[in-house]
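Dumped target-v7.pdb below, it's PDB, C-alpha atoms and all ligand atoms:
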ATOM      1  CA  MET A   1      95.709  96.243 117.756
ATOM      2  CA  ASN A   2      93.065  93.880 119.106
ATOM      3  CA  ILE A   3      93.384  90.130 119.481
ATOM      4  CA  GLN A   4      90.072  88.428 118.667
ATOM      5  CA  LEU A   5      89.706  84.920 120.104
ATOM      6  CA  ALA A   6      87.564  82.798 117.751
ATOM      7  CA  LEU A   7      85.500  80.144 119.541
ATOM      8  CA  ASP A   8      84.359  77.389 117.205
ATOM      9  CA  ARG A   9      83.268  73.759 117.277
ATOM     10  CA  MET A  10      82.629  73.450 121.037
ATOM     11  CA  SER A  11      79.729  73.662 123.478
ATOM     12  CA  ILE A  12      78.655  76.979 124.998
ATOM     13  CA  GLN A  13      80.131  75.929 128.353
ATOM     14  CA  GLU A  14      83.427  74.964 126.701
ATOM     15  CA  ALA A  15      83.439  78.337 124.955
ATOM     16  CA  ILE A  16      82.945  80.117 128.281
ATOM     17  CA  ASN A  17      85.734  78.071 129.876
ATOM     18  CA  MET A  18      88.039  78.813 126.944
ATOM     19  CA  GLY A  19      87.187  82.506 127.132
ATOM     20  CA  ARG A  20      88.055  82.534 130.853
ATOM     21  CA  LEU A  21      91.480  80.999 130.189
ATOM     22  CA  ALA A  22      92.351  83.493 127.459
ATOM     23  CA  GLU A  23      90.516  86.512 128.910
ATOM     24  CA  PRO A  24      93.543  88.406 130.316
ATOM     25  CA  TYR A  25      95.372  88.278 126.978
ATOM     26  CA  ILE A  26      92.675  89.014 124.406
ATOM     27  CA  ASP A  27      90.393  91.942 123.538
ATOM     28  CA  TRP A  28      87.538  90.703 121.362
ATOM     29  CA  ILE A  29      85.704  87.370 121.621
ATOM     30  CA  GLU A  30      84.137  85.813 118.528
ATOM     31  CA  VAL A  31      81.098  83.594 118.908
ATOM     32  CA  GLY A  32      82.020  81.401 115.939
ATOM     33  CA  THR A  33      79.689  80.528 113.086
ATOM     34  CA  SER A  34      79.647  76.927 114.286
ATOM     35  CA  LEU A  35      78.367  77.945 117.740
ATOM     36  CA  ILE A  36      75.682  80.158 116.265
ATOM     37  CA  LYS A  37      74.568  77.366 113.906
ATOM     38  CA  GLU A  38      74.524  74.759 116.662
ATOM     39  CA  PHE A  39      73.113  76.764 119.571
ATOM     40  CA  GLY A  40      71.622  79.880 118.013
ATOM     41  CA  MET A  41      71.483  83.250 119.738
ATOM     42  CA  ALA A  42      71.762  81.543 123.141
ATOM     43  CA  SER A  43      75.489  81.258 122.412
ATOM     44  CA  VAL A  44      75.827  85.021 121.803
ATOM     45  CA  GLU A  45      73.742  85.843 124.903
ATOM     46  CA  ALA A  46      75.813  83.531 127.091
ATOM     47  CA  ILE A  47      79.177  84.876 125.927
ATOM     48  CA  LYS A  48      78.048  88.502 126.346
ATOM     49  CA  ARG A  49      76.692  87.705 129.815
ATOM     50  CA  GLU A  50      79.969  86.076 130.873
ATOM     51  CA  PHE A  51      82.253  88.674 129.284
ATOM     52  CA  PRO A  52      80.364  91.976 129.470
ATOM     53  CA  HIS A  53      83.537  94.058 129.164
ATOM     54  CA  LYS A  54      84.869  92.374 126.019
ATOM     55  CA  THR A  55      83.859  93.288 122.478
ATOM     56  CA  ILE A  56      81.683  90.384 121.353
ATOM     57  CA  VAL A  57      81.660  89.449 117.658
ATOM     58  CA  ALA A  58      78.759  87.340 116.355
ATOM     59  CA  ASP A  59      80.235  85.586 113.306
ATOM     60  CA  VAL A  60      76.846  84.988 111.693
ATOM     61  CA  LYS A  61      78.252  85.446 108.137
ATOM     62  CA  THR A  62      75.045  87.018 106.846
ATOM     63  CA  PHE A  63      74.373  86.659 103.118
ATOM     64  CA  ASP A  64      70.723  87.714 102.966
ATOM     65  CA  ASN A  65      67.954  88.911 105.285
ATOM     66  CA  ALA A  66      70.406  91.413 106.731
ATOM     67  CA  LYS A  67      68.211  93.486 109.028
ATOM     68  CA  TYR A  68      66.577  90.441 110.615
ATOM     69  CA  GLU A  69      69.827  88.555 111.229
ATOM     70  CA  PHE A  70      71.773  91.602 112.437
ATOM     71  CA  GLU A  71      68.986  92.607 114.834
ATOM     72  CA  LEU A  72      68.923  89.064 116.240
ATOM     73  CA  CYS A  73      72.657  89.342 116.985
ATOM     74  CA  TYR A  74      72.515  92.881 118.380
ATOM     75  CA  LYS A  75      69.533  92.019 120.588
ATOM     76  CA  ALA A  76      71.522  89.049 121.898
ATOM     77  CA  GLY A  77      74.333  91.438 122.888
ATOM     78  CA  ALA A  78      76.767  91.354 119.954
ATOM     79  CA  ASP A  79      78.923  94.449 119.554
ATOM     80  CA  VAL A  80      80.099  93.437 116.067
ATOM     81  CA  THR A  81      78.282  91.244 113.516
ATOM     82  CA  THR A  82      79.660  89.776 110.277
ATOM     83  CA  VAL A  83      78.378  89.910 106.702
ATOM     84  CA  MET A  84      79.913  88.203 103.675
ATOM     85  CA  GLY A  85      81.493  90.689 101.277
ATOM     86  CA  SER A  86      80.320  88.544  98.365
ATOM     87  CA  ALA A  87      76.686  89.243  99.318
ATOM     88  CA  PRO A  88      74.699  91.694  97.184
ATOM     89  CA  LEU A  89      75.582  95.298  98.043
ATOM     90  CA  VAL A  90      71.980  95.927  99.062
ATOM     91  CA  THR A  91      72.524  93.403 101.850
ATOM     92  CA  VAL A  92      75.761  95.047 103.007
ATOM     93  CA  ASP A  93      73.987  98.432 102.893
ATOM     94  CA  LEU A  94      71.255  97.085 105.171
ATOM     95  CA  CYS A  95      73.843  95.673 107.594
ATOM     96  CA  MET A  96      75.526  99.084 107.820
ATOM     97  CA  LYS A  97      72.200 100.814 108.304
ATOM     98  CA  THR A  98      71.131  98.376 111.031
ATOM     99  CA  ALA A  99      74.483  98.764 112.795
ATOM    100  CA  ARG A 100      74.155 102.554 112.764
ATOM    101  CA  THR A 101      70.622 102.347 114.197
ATOM    102  CA  TRP A 102      71.862 100.126 117.014
ATOM    103  CA  GLY A 103      75.156 101.965 117.542
ATOM    104  CA  ARG A 104      77.084  98.746 116.846
ATOM    105  CA  GLN A 105      79.695  97.597 114.313
ATOM    106  CA  VAL A 106      79.962  95.525 111.146
ATOM    107  CA  MET A 107      82.767  93.221 110.035
ATOM    108  CA  ILE A 108      82.808  92.418 106.297
ATOM    109  CA  ASP A 109      84.258  88.958 105.581
ATOM    110  CA  LEU A 110      86.179  89.161 102.289
ATOM    111  CA  LEU A 111      86.367  85.395 101.800
ATOM    112  CA  HIS A 112      86.075  84.529  98.095
ATOM    113  CA  THR A 113      85.798  88.116  96.890
ATOM    114  CA  THR A 114      87.525  89.536  93.835
ATOM    115  CA  PRO A 115      89.773  92.633  94.010
ATOM    116  CA  GLU A 116      86.985  94.514  92.206
ATOM    117  CA  GLU A 117      84.440  93.465  94.825
ATOM    118  CA  GLN A 118      86.863  94.418  97.601
ATOM    119  CA  ALA A 119      87.377  97.837  96.032
ATOM    120  CA  ALA A 120      83.598  98.336  95.833
ATOM    121  CA  LEU A 121      83.313  97.427  99.527
ATOM    122  CA  ALA A 122      85.900 100.065 100.485
ATOM    123  CA  ARG A 123      83.054 102.598 100.514
ATOM    124  CA  TYR A 124      82.034 101.122 103.885
ATOM    125  CA  ARG A 125      84.632 103.073 105.838
ATOM    126  CA  GLU A 126      83.238 102.379 109.328
ATOM    127  CA  ALA A 127      83.269  98.586 108.829
ATOM    128  CA  VAL A 128      86.161  96.265 109.656
ATOM    129  CA  HIS A 129      87.277  94.509 106.432
ATOM    130  CA  CYS A 130      88.356  90.936 107.181
ATOM    131  CA  VAL A 131      90.851  89.197 104.879
ATOM    132  CA  HIS A 132      90.097  85.529 105.556
ATOM    133  CA  VAL A 133      91.442  82.081 104.626
ATOM    134  CA  SER A 134      88.614  79.608 105.162
ATOM    135  CA  LYS A 135      88.847  76.468 107.270
ATOM    136  CA  ASP A 136      88.308  74.316 104.160
ATOM    137  CA  GLN A 137      91.115  76.078 102.302
ATOM    138  CA  GLN A 138      93.393  75.626 105.296
ATOM    139  CA  GLU A 139      92.571  71.938 105.549
ATOM    140  CA  GLY A 140      91.784  70.960 101.994
ATOM    141  CA  GLY A 141      95.004  71.666 100.159
ATOM    142  CA  GLY A 142      93.888  75.046  98.891
ATOM    143  CA  SER A 143      95.583  78.112 100.309
ATOM    144  CA  ARG A 144      96.978  77.189 103.678
ATOM    145  CA  LEU A 145      99.622  78.054 106.146
ATOM    146  CA  THR A 146     102.784  75.990 105.847
ATOM    147  CA  GLY A 147     105.131  75.074 108.651
ATOM    148  CA  SER A 148     107.586  77.662 107.394
ATOM    149  CA  GLY A 149     105.137  80.465 108.023
ATOM    150  CA  ALA A 150     104.360  81.138 104.365
ATOM    151  CA  TYR A 151     101.011  80.549 102.788
ATOM    152  CA  GLU A 152     101.022  78.127  99.895
ATOM    153  CA  ALA A 153      99.673  79.549  96.696
ATOM    154  CA  THR A 154      96.500  78.613  95.027
ATOM    155  CA  THR A 155      94.153  80.860  93.230
ATOM    156  CA  ASP A 156      90.660  79.558  92.810
ATOM    157  CA  THR A 157      89.184  80.230  89.425
ATOM    158  CA  ASP A 158      85.434  79.987  89.473
ATOM    159  CA  GLU A 159      83.242  78.657  86.679
ATOM    160  CA  SER A 160      83.067  82.080  85.041
ATOM    161  CA  GLY A 161      86.853  82.311  84.939
ATOM    162  CA  ILE A 162      87.099  84.936  87.680
ATOM    163  CA  ASN A 163      90.146  84.718  89.940
ATOM    164  CA  ARG A 164      89.270  84.675  93.598
ATOM    165  CA  THR A 165      92.421  84.664  95.648
ATOM    166  CA  SER A 166      90.598  84.506  98.978
ATOM    167  CA  GLY A 167      93.292  86.684 100.374
ATOM    168  CA  ILE A 168      96.218  84.319 100.356
ATOM    169  CA  GLY A 169      98.924  83.191  97.977
ATOM    170  CA  ALA A 170     102.643  82.533  98.148
ATOM    171  CA  SER A 171     105.557  84.883  97.912
ATOM    172  CA  ASP A 172     109.153  84.987  99.076
ATOM    173  CA  ALA A 173     108.797  87.217 102.092
ATOM    174  CA  LEU A 174     105.245  88.349 102.702
ATOM    175  CA  PRO A 175     102.433  86.306 101.177
ATOM    176  CA  ARG A 176     101.623  88.017  97.928
ATOM    177  CA  GLY A 177      97.939  87.175  98.017
ATOM    178  CA  ILE A 178      97.226  88.601 101.409
ATOM    179  CA  VAL A 179      99.319  91.662 100.630
ATOM    180  CA  SER A 180      97.543  92.270  97.356
ATOM    181  CA  ASP A 181      94.178  91.715  98.986
ATOM    182  CA  VAL A 182      94.934  94.093 101.810
ATOM    183  CA  SER A 183      96.215  96.532  99.190
ATOM    184  CA  SER A 184      93.155  96.304  97.025
ATOM    185  CA  VAL A 185      90.927  96.550 100.074
ATOM    186  CA  ARG A 186      92.727  99.697 101.087
ATOM    187  CA  GLY A 187      92.721 100.887  97.496
ATOM    188  CA  SER A 188      96.443 101.441  97.681
ATOM    189  CA  THR A 189      99.650  99.682  98.605
ATOM    190  CA  CYS A 190     100.397  98.304 102.038
ATOM    191  CA  GLU A 191     103.005 101.009 102.403
ATOM    192  CA  SER A 192     100.420 103.752 102.032
ATOM    193  CA  PRO A 193      97.231 102.453 103.564
ATOM    194  CA  THR A 194      94.142 104.549 103.112
ATOM    195  CA  GLY A 195      92.966 104.041 106.644
ATOM    196  CA  LEU A 196      90.513 101.179 106.190
ATOM    197  CA  ARG A 197      90.050  99.051 109.270
ATOM    198  CA  ILE A 198      91.547  95.619 108.493
ATOM    199  CA  ALA A 199      91.171  92.246 110.235
ATOM    200  CA  VAL A 200      93.097  89.113 109.275
ATOM    201  CA  ALA A 201      91.863  85.549 109.943
ATOM    202  CA  GLY A 202      92.469  81.936 109.090
ATOM    203  CA  GLY A 203      95.065  79.588 110.521
ATOM    204  CA  ILE A 204      97.194  82.321 112.077
ATOM    205  CA  THR A 205      99.985  80.933 114.275
ATOM    206  CA  GLN A 206     102.941  82.282 116.221
ATOM    207  CA  GLU A 207     105.112  81.533 113.166
ATOM    208  CA  SER A 208     103.023  83.662 110.819
ATOM    209  CA  LEU A 209     102.705  86.584 113.250
ATOM    210  CA  PRO A 210     105.617  88.722 111.969
ATOM    211  CA  TRP A 211     104.319  89.040 108.430
ATOM    212  CA  VAL A 212     100.649  89.176 109.430
ATOM    213  CA  LEU A 213     101.417  92.076 111.780
ATOM    214  CA  ALA A 214     103.376  93.811 109.025
ATOM    215  CA  LEU A 215      99.990  94.276 107.343
ATOM    216  CA  GLU A 216      98.989  96.472 110.306
ATOM    217  CA  PRO A 217      95.610  94.892 111.011
ATOM    218  CA  GLU A 218      93.340  96.514 113.562
ATOM    219  CA  VAL A 219      92.093  93.041 114.516
ATOM    220  CA  LEU A 220      94.103  89.810 114.579
ATOM    221  CA  ILE A 221      91.722  86.826 114.667
ATOM    222  CA  VAL A 222      93.106  83.647 116.221
ATOM    223  CA  GLY A 223      91.136  80.440 116.833
ATOM    224  CA  SER A 224      92.738  77.006 116.714
ATOM    225  CA  ALA A 225      96.258  78.175 117.613
ATOM    226  CA  ILE A 226      94.840  79.032 121.047
ATOM    227  CA  THR A 227      91.791  76.789 121.478
ATOM    228  CA  LYS A 228      93.543  73.621 120.290
ATOM    229  CA  ALA A 229      96.768  74.297 122.199
ATOM    230  CA  PRO A 230      97.579  71.946 125.101
ATOM    231  CA  ASP A 231      97.634  75.034 127.358
ATOM    232  CA  PRO A 232      95.306  77.673 125.842
ATOM    233  CA  ALA A 233      96.088  80.322 128.473
ATOM    234  CA  SER A 234      99.829  80.074 127.745
ATOM    235  CA  ALA A 235      99.163  80.116 124.007
ATOM    236  CA  ALA A 236      97.052  83.284 124.327
ATOM    237  CA  ARG A 237      99.693  84.891 126.542
ATOM    238  CA  ALA A 238     102.406  83.963 124.026
ATOM    239  CA  PHE A 239     100.448  85.785 121.280
ATOM    240  CA  GLN A 240     100.136  88.874 123.469
ATOM    241  CA  ASP A 241     103.848  88.763 124.411
ATOM    242  CA  ARG A 242     105.008  88.298 120.813
ATOM    243  CA  ILE A 243     102.797  91.138 119.588
ATOM    244  CA  ARG A 244     104.274  93.389 122.286
ATOM    245  CA  GLU A 245     107.774  92.291 121.298
ATOM    246  CA  LEU A 246     107.020  93.212 117.712
ATOM    247  CA  GLY A 247     105.841  96.614 118.941
ATOM    248  CA  ARG A 248     102.228  96.313 117.845
ATOM    249  CA  ARG A 249     100.496  96.621 121.213
TER     250      ARG A 249
HETATM  251  O1  LIG B 301      85.827  82.486 110.779
HETATM  252  C1  LIG B 301      86.386  81.487 111.088
HETATM  253  C2  LIG B 301      86.096  80.224 110.382
HETATM  254  O2  LIG B 301      85.328  80.476 109.241
HETATM  255  C3  LIG B 301      85.278  79.343 111.294
HETATM  256  O3  LIG B 301      85.338  78.061 111.028
HETATM  257  C4  LIG B 301      87.376  81.512 112.213
HETATM  258  O4  LIG B 301      87.004  82.483 113.116
HETATM  259  C5  LIG B 301      88.754  81.878 111.726
HETATM  260  O5  LIG B 301      89.129  80.987 110.728
HETATM  261  C6  LIG B 301      89.785  81.855 112.870
HETATM  262  O6  LIG B 301      89.973  80.548 113.331
HETATM  263  P1  LIG B 301      91.322  79.720 113.023
HETATM  264  O7  LIG B 301      91.424  79.581 111.537
HETATM  265  O8  LIG B 301      91.114  78.415 113.710
HETATM  266  O9  LIG B 301      92.464  80.516 113.589
END
Would you mind writing the file out in structure tokens?
Ligand SMILES: O=C([C@H](O)CO)[C@H](O)[C@H](O)COP(=O)(O)O
Amino acid sequence: MNIQLALDRMSIQEAINMGRLAEPYIDWIEVGTSLIKEFGMASVEAIKREFPHKTIVADVKTFDNAKYEFELCYKAGADVTTVMGSAPLVTVDLCMKTARTWGRQVMIDLLHTTPEEQAALARYREAVHCVHVSKDQQEGGGSRLTGSGAYEATTDTDESGINRTSGIGASDALPRGIVSDVSSVRGSTCESPTGLRIAVAGGITQESLPWVLALEPEVLIVGSAITKAPDPASAARAFQDRIRELGRR
């Protein structure tokens, strides 16, 4: 399992410094959407230059203009680039095609997708499928991680009456929403995964690790729990230690 450090809402230099602190304990480094929006491809180039041996994820969250945006990221040195799963399938197709041409990878962000959309996306077997609770949902009283390590339930219903769980809801032991999303993404139950590559993101903390890891993600994406910690290096090391303790690394 890979730990992906998400770098958001900081300068490029701060991102490099943060990457240095966490470097021994993490595997993938995400150039966050906020960095790409604020500094453009210079942020991806700088992170790749500083961390040539890490897998660099450009979280560009493409929704249209797939070939152009993916090529920008790959040219800048990204190993993995993200597309929104709610984008038209023609866009996701073009992302996959561009990734194959460049010998790179795609991560599909399943934020605000329906189970039907997730099932349709399961055809993209080489991609990493990312179950994601957004920053706004974490902060805005939608689905969010509670102190007890359970996600509080809310299901957004859009104007057409479609339920969009965004991956997270409440349950007694494991969060039902994330389990059902991972299940529908895999086209099966969590107990019999069909081999899709899964990533999990959004407000993950030490407290939520046991049940998040039970979902057997290939990539565990952690941002604020490391970058906002008083001692980011210790926080990153604690994630690595706990994952080892739980036998996932
Ligand atoms: O994708 C992300 C988010 O949309 C950016 O604002 C983050 O990488 C993801 O949420 C992980 O960061 P934390 O939620 O801070 O752990």
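Residue nearest ligand LIG 301 (chain B) within the list A:Thr81, A:Thr101, A:Ser11, A:Thr205: A:Thr205 [criterion: smallest interatomic distance, only C-alpha atoms and all ligand atoms].
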8 Å shell around ligand LIG 301 (chain B) using only C-alpha atoms and all ligand atoms, listed as number ranges by chain: A: 5-9, 30, 32-34, 59, 132-135, 138, 201-205, 221-227
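Nearest residue to A:Ile29, choosing from A:Asn65, A:Gln105, A:Gln13, A:Thr55 and counting all atoms listed in the file: A:Thr55.
For the choices A:Asp27, A:Glu50, A:Asp93, A:Asp109, the atom-to-atom distance to A:Ala66 is smallest for A:Asp93 when using only C-alpha atoms.
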Which residue, A:Ala233, A:Leu21, A:Ala120, A:Ala199, has the smallest gap to A:Thr82 when you use only C-alpha atoms?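 When distances to A:Thr82 are compared using only C-alpha atoms, the smallest one comes from A:Ala199.
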Atom CA of A:Gly77 and atom CA of A:Leu196 are how many Å apart?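 Going from atom CA of A:Gly77 over to atom CA of A:Leu196 covers 25.2 Å.
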Run the PyMOL selection byres (((chain A and resi 53) around 12) and not hetatm) against the file shown and list the residues it catches, as an NGL selection string. :A and (23-24 or 26-29 or 47-52 or 54-56 or 77-79)
Let me see the file: selected residues, C-alpha atoms, as a short mmCIF file (atom, residue, chain, number, x, y, z; two decimals), in the coordinates of the input.
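Contents of result-v9.cif, freshly written:
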data_model
loop_
_atom_site.label_atom_id
_atom_site.label_comp_id
_atom_site.auth_asym_id
_atom_site.auth_seq_id
_atom_site.Cartn_x
_atom_site.Cartn_y
_atom_site.Cartn_z
CA GLU A 23 90.52 86.51 128.91
CA PRO A 24 93.54 88.41 130.32
CA ILE A 26 92.68 89.01 124.41
CA ASP A 27 90.39 91.94 123.54
CA TRP A 28 87.54 90.70 121.36
CA ILE A 29 85.70 87.37 121.62
CA ILE A 47 79.18 84.88 125.93
CA LYS A 48 78.05 88.50 126.35
CA ARG A 49 76.69 87.70 129.82
CA GLU A 50 79.97 86.08 130.87
CA PHE A 51 82.25 88.67 129.28
CA PRO A 52 80.36 91.98 129.47
CA LYS A 54 84.87 92.37 126.02
CA THR A 55 83.86 93.29 122.48
CA ILE A 56 81.68 90.38 121.35
CA GLY A 77 74.33 91.44 122.89
CA ALA A 78 76.77 91.35 119.95
CA ASP A 79 78.92 94.45 119.55
#
Report, in Å to a single decimal, how far apart atom CA of A:Thr114 and atom CA of A:Ala214 are.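 Separation between atom CA of A:Ala214 and atom CA of A:Thr114: 22.4 Å.
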Axis-aligned box over every listed atom of stretch 88-91 of chain A, padded by 5 Å per side: centre and edges in Å to one decimal, as JSON?
{"center_x": 73.8, "center_y": 93.8, "center_z": 99.5, "size_x": 13.6, "size_y": 14.2, "size_z": 14.7}
For the structure provided, state which residues fall under the PyMOL selection byres (((chain A and resi 238-240) around 8) and not hetatm), and present them as a PyMOL selection string. chain A and resi 3+25-26+206+234-237+241-244
What residues have an atom no more than 8 Å from (76.1, 88.6, 107.5) in the file's own frame, counting only C-alpha atoms, and can you write them as a PyMOL selection string? chain A and resi 59-64+66+69-70+81-84+92+95+108
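The residues returned by the PyMOL selection byres (((chain A and resi 126) around 10) and not hetatm) on the shown structure are Met96, Arg100, Gln105, Val106, Met107, Ala122, Arg123, Tyr124, Arg125, Ala127, Val128, His129, Leu196 and Arg197 of chain A.
Note that the spacing between atom CA of A:Glu139 and atom CA of A:Gly19 amounts to 24.6 Å.
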Counting all atoms listed in the file, figure out which residue out of A:Val31, A:Met1, A:Ala58, A:Leu110 gets nearest to A:Cys130.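 Smallest distance to A:Cys130 is found for A:Leu110.
Nearest-residue note for A:Glu218: choosing from A:Pro232, A:Gly85, A:Gly247, A:Gly195, the minimum distance belongs to A:Gly195, counting all atoms listed in the file.
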